[in-house]
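Printed here is query.cif (mmCIF, C-alpha atoms):
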data_entry
loop_
_atom_site.label_atom_id
_atom_site.label_comp_id
_atom_site.auth_asym_id
_atom_site.auth_seq_id
_atom_site.Cartn_x
_atom_site.Cartn_y
_atom_site.Cartn_z
CA MET A 1 81.88 139.91 89.85
CA THR A 2 80.83 136.28 90.20
CA SER A 3 80.27 134.85 93.67
CA PHE A 4 80.90 131.23 94.45
CA PRO A 5 78.65 129.33 96.85
CA ALA A 6 79.81 129.10 100.43
CA PRO A 7 78.57 127.19 103.40
CA PRO A 8 76.05 129.16 105.49
CA ASP A 9 78.69 129.96 108.11
CA GLY A 10 81.58 130.25 105.65
CA PRO A 11 83.07 133.06 103.57
CA MET A 12 81.86 134.15 100.17
CA PHE A 13 84.47 133.87 97.44
CA ASP A 14 84.53 136.01 94.31
CA GLU A 15 86.20 135.51 90.93
CA ARG A 16 89.53 136.90 92.19
CA ASP A 17 89.66 134.38 95.04
CA ARG A 18 91.21 131.58 93.05
CA LEU A 19 94.39 129.89 91.98
CA ILE A 20 95.46 130.21 88.36
CA GLU A 21 98.67 128.20 88.71
CA VAL A 22 99.83 125.51 91.11
CA VAL A 23 103.35 124.11 91.04
CA LEU A 24 104.91 121.51 93.30
CA ASP A 25 108.42 122.53 94.28
CA ALA A 26 110.73 120.26 92.29
CA ALA A 27 113.17 120.02 95.20
CA SER A 28 110.36 118.73 97.43
CA ILE A 29 109.26 115.77 95.33
CA ALA A 30 111.06 112.63 94.37
CA ARG A 31 110.95 111.79 90.69
CA GLN A 32 108.82 108.73 90.14
CA ASN A 33 107.53 106.66 87.31
CA ARG A 34 105.24 108.14 84.67
CA ASP A 35 102.08 106.92 86.41
CA ILE A 36 102.87 108.79 89.63
CA GLU A 37 103.91 111.90 87.72
CA HIS A 38 100.63 111.70 85.78
CA GLU A 39 98.61 111.43 89.01
CA ARG A 40 100.29 114.59 90.31
CA GLU A 41 99.48 116.42 87.09
CA ILE A 42 95.84 115.31 87.26
CA ALA A 43 95.58 116.50 90.87
CA ILE A 44 96.86 119.94 89.86
CA LEU A 45 94.53 120.14 86.85
CA ASP A 46 91.57 119.21 89.07
CA LEU A 47 92.55 121.94 91.51
CA LEU A 48 92.88 124.56 88.78
CA ASP A 49 89.57 123.53 87.25
CA ALA A 50 87.61 124.65 90.33
CA ASN A 51 88.97 126.28 93.46
CA ALA A 52 88.31 129.03 96.01
CA PHE A 53 91.43 130.49 97.62
CA ARG A 54 91.57 133.78 99.52
CA LEU A 55 94.38 135.34 101.51
CA GLN A 56 93.20 136.96 104.73
CA GLY A 57 93.45 140.75 104.46
CA ILE A 58 95.05 140.72 101.01
CA GLU A 59 93.13 141.31 97.79
CA ARG A 60 95.58 140.70 94.98
CA GLY A 61 94.11 137.58 93.40
CA PRO A 62 93.99 135.57 91.35
CA TYR A 63 97.04 133.77 92.73
CA ARG A 64 99.86 131.46 91.80
CA LEU A 65 100.89 128.83 94.36
CA LEU A 66 104.21 127.09 94.77
CA LEU A 67 103.69 124.26 97.25
CA GLY A 68 106.72 122.60 98.78
CA LEU A 69 108.46 121.15 101.81
CA SER A 70 111.22 122.88 103.73
CA ASP A 71 112.69 122.12 107.15
CA ASP A 72 109.83 119.82 108.12
CA ARG A 73 107.27 122.44 107.09
CA LEU A 74 104.69 122.68 104.35
CA VAL A 75 105.35 125.93 102.48
CA PHE A 76 102.71 127.94 100.63
CA ASP A 77 104.59 130.45 98.46
CA VAL A 78 101.89 132.67 96.97
CA SER A 79 102.37 135.25 94.23
CA ASP A 80 99.91 137.37 92.30
CA GLU A 81 98.89 137.09 88.67
CA GLU A 82 102.00 139.02 87.55
CA ARG A 83 104.22 136.72 89.68
CA ALA A 84 104.94 139.39 92.30
CA PRO A 85 105.46 137.78 95.72
CA VAL A 86 102.49 138.15 98.06
CA ILE A 87 103.04 135.85 101.05
CA VAL A 88 105.01 132.82 102.13
CA HIS A 89 103.28 130.80 104.80
CA ALA A 90 104.77 127.69 106.41
CA LEU A 91 102.87 125.08 108.40
CA SER A 92 104.34 122.43 110.64
CA LEU A 93 103.90 118.98 109.12
CA ASN A 94 103.58 117.30 112.52
CA PRO A 95 99.76 117.53 112.72
CA PHE A 96 99.50 115.94 109.25
CA ARG A 97 101.86 113.00 109.76
CA ARG A 98 99.38 110.52 111.21
CA ILE A 99 96.66 111.33 108.68
CA VAL A 100 99.04 111.12 105.71
CA LYS A 101 100.54 107.84 106.99
CA ASP A 102 97.09 106.33 107.59
CA TYR A 103 95.91 107.63 104.21
CA PHE A 104 98.78 105.88 102.42
CA LEU A 105 98.12 102.65 104.30
CA ILE A 106 94.45 102.64 103.44
CA CYS A 107 95.21 103.52 99.81
CA GLU A 108 97.52 100.49 99.63
CA SER A 109 94.72 98.34 101.08
CA TYR A 110 92.29 99.79 98.56
CA PHE A 111 94.51 99.08 95.56
CA GLU A 112 95.16 95.55 96.82
CA ALA A 113 91.43 94.98 97.43
CA ILE A 114 90.57 96.05 93.89
CA ARG A 115 92.46 93.02 92.62
CA THR A 116 90.99 90.37 94.88
CA ALA A 117 88.28 91.52 97.30
CA PRO A 118 84.51 91.45 96.86
CA PRO A 119 82.78 94.77 96.06
CA SER A 120 81.47 95.17 99.62
CA ARG A 121 85.05 95.07 101.01
CA ILE A 122 86.27 97.55 98.37
CA GLU A 123 83.41 99.91 99.21
CA ALA A 124 84.16 99.74 102.95
CA ILE A 125 87.84 100.51 102.40
CA ASP A 126 86.96 103.34 100.03
CA MET A 127 84.64 104.87 102.64
CA GLY A 128 87.52 104.82 105.13
CA ARG A 129 89.84 106.36 102.56
CA ARG A 130 87.39 109.17 101.86
CA GLY A 131 86.93 109.74 105.59
CA LEU A 132 90.69 110.16 106.13
CA HIS A 133 90.85 112.46 103.12
CA ASN A 134 88.07 114.58 104.65
CA ASP A 135 89.93 114.66 107.99
CA GLY A 136 93.11 115.81 106.25
CA SER A 137 91.36 118.54 104.30
CA GLN A 138 89.54 119.80 107.41
CA LEU A 139 92.81 119.89 109.33
CA LEU A 140 94.35 121.89 106.49
CA ARG A 141 91.49 124.42 106.53
CA THR A 142 91.75 124.79 110.29
CA ARG A 143 95.54 125.23 110.26
CA LEU A 144 95.38 127.82 107.46
CA GLU A 145 92.31 129.80 108.53
CA SER A 146 94.26 132.73 110.00
CA LYS A 147 96.15 133.26 106.70
CA ILE A 148 94.37 131.48 103.85
CA LEU A 149 90.70 130.65 103.37
CA LEU A 150 89.78 127.62 101.26
CA ASP A 151 86.48 126.06 100.34
CA GLU A 152 86.03 122.37 101.12
CA ASN A 153 86.83 121.09 97.62
CA THR A 154 89.96 123.23 97.33
CA ALA A 155 91.16 121.95 100.70
CA ARG A 156 90.54 118.36 99.56
CA ARG A 157 92.54 118.90 96.38
CA ILE A 158 95.41 120.60 98.20
CA PHE A 159 95.47 117.75 100.73
CA THR A 160 95.89 115.41 97.75
CA LEU A 161 98.93 117.45 96.71
CA ILE A 162 100.31 117.35 100.26
CA CYS A 163 100.13 113.58 100.00
CA ALA A 164 101.84 113.78 96.60
CA LEU A 165 104.70 115.68 98.21
CA HIS A 166 105.08 112.84 100.71
CA TRP A 167 104.80 110.06 98.12
CA LYS A 168 108.12 108.27 97.93
CA GLY A 169 106.82 105.64 95.55
#
Rewrite the structure of this file - the entire thing - as structure tokens.
Amino acid sequence: MTSFPAPPDGPMFDERDRLIEVVLDAASIARQNRDIEHEREIAILDLLDANAFRLQGIERGPYRLLLGLSDDRLVFDVSDEERAPVIVHALSLNPFRRIVKDYFLICESYFEAIRTAPPSRIEAIDMGRRGLHNDGSQLLRTRLESKILLDENTARRIFTLICALHWKG
């Protein structure tokens, strides 16, 4: 069994602790133009390319994840490799609202700056954007830690998908 690196104080993940499929609930996302749809697809492919995902107390991986929104909650619907249901875990979206809102605002500033601002301004905005993204992924890890363990990169990629679920175009 292959082990994946973990932070010194973090869990070790093995080859079963991973996602093999990630789907955004179609009812949770608004259909957008091709560019936005493409960005969502890229985010999922990046997540599937490298991830570490373990359910606390359950060893049935690898897993399939259906990520969606329901009743003001973020829903992680996890099944095993054979598509048998394993767990459904819902998180309140309230703790994420400010970070997601600020993230969208700074992304708008970033895309506007790319067109007109000097490189130093673009770099400063990008540093802020990355900082908010880190904050969102750390909040996700903290909120999930009693049910689902994620490495830092997996949390970052799932936070990107959380933002994609909120993207109204």
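For the pair atom CA of A:Phe159 and atom CA of A:Gly136, the separation is 6.3 Å.
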Practice task
Step by step, work through what the PyMOL selection byres ((chain A and resi 66) around 9) selects in the shown file, and finish by giving those residues as a PyMOL selection string.
Solution key: chain A and resi 21-25+64-65+67-68+75-79
Problem - For A:Cys163: contacts at 12 Å, all atoms listed in the file, fewer than 4 positions along chain excluded, given as a ChimeraX atom specification - result: /A:24,28-29,36,39-40,43,67-69,74,93,96-105,107,132-133,136-137,156-159,167-169
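Counting all atoms listed in the file and comparing A:Leu161, A:Ile58, A:Leu150, A:Val88, the residue that lies closest to A:Phe13 is A:Leu150.
Among the candidates A:Ser109, A:Thr160, A:Asn94, A:Thr154, the one nearest to A:Leu19 when counting only C-alpha atoms is A:Thr154.
Taking atom CA of A:Asn51 and atom CA of A:Glu108 as the two end points, the separation is 27.9 Å.
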Exercise for the section: Find the spatial neighbours of A:Ser146, counting only C-alpha atoms, within a cut-off of 12 Å - ignore same-chain residues fewer than 5 positions away - and output them as a ChimeraX atom specification. Expected result: /A:54-57,89,91,140-141
Handout entry: the PyMOL selection byres ((chain A and resi 16) around 7) applied to the shown file, residues as a PyMOL selection string
Key = chain A and resi 14-15+17-18+61-62
Completion exercise
Here atom CA of A:Ala52 and atom CA of A:Ala164 stand apart by 20.4 Å
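When the PyMOL selection byres ((chain A and resi 125) around 12) is evaluated against the file, it yields Tyr103, Leu105, Ile106, Cys107, Glu108, Ser109, Tyr110, Phe111, Glu112, Ala113, Ile114, Ala117, Pro118, Pro119, Ser120, Arg121, Ile122, Glu123, Ala124, Asp126, Met127, Gly128, Arg129, Arg130, Gly131 and Leu132 of chain A.
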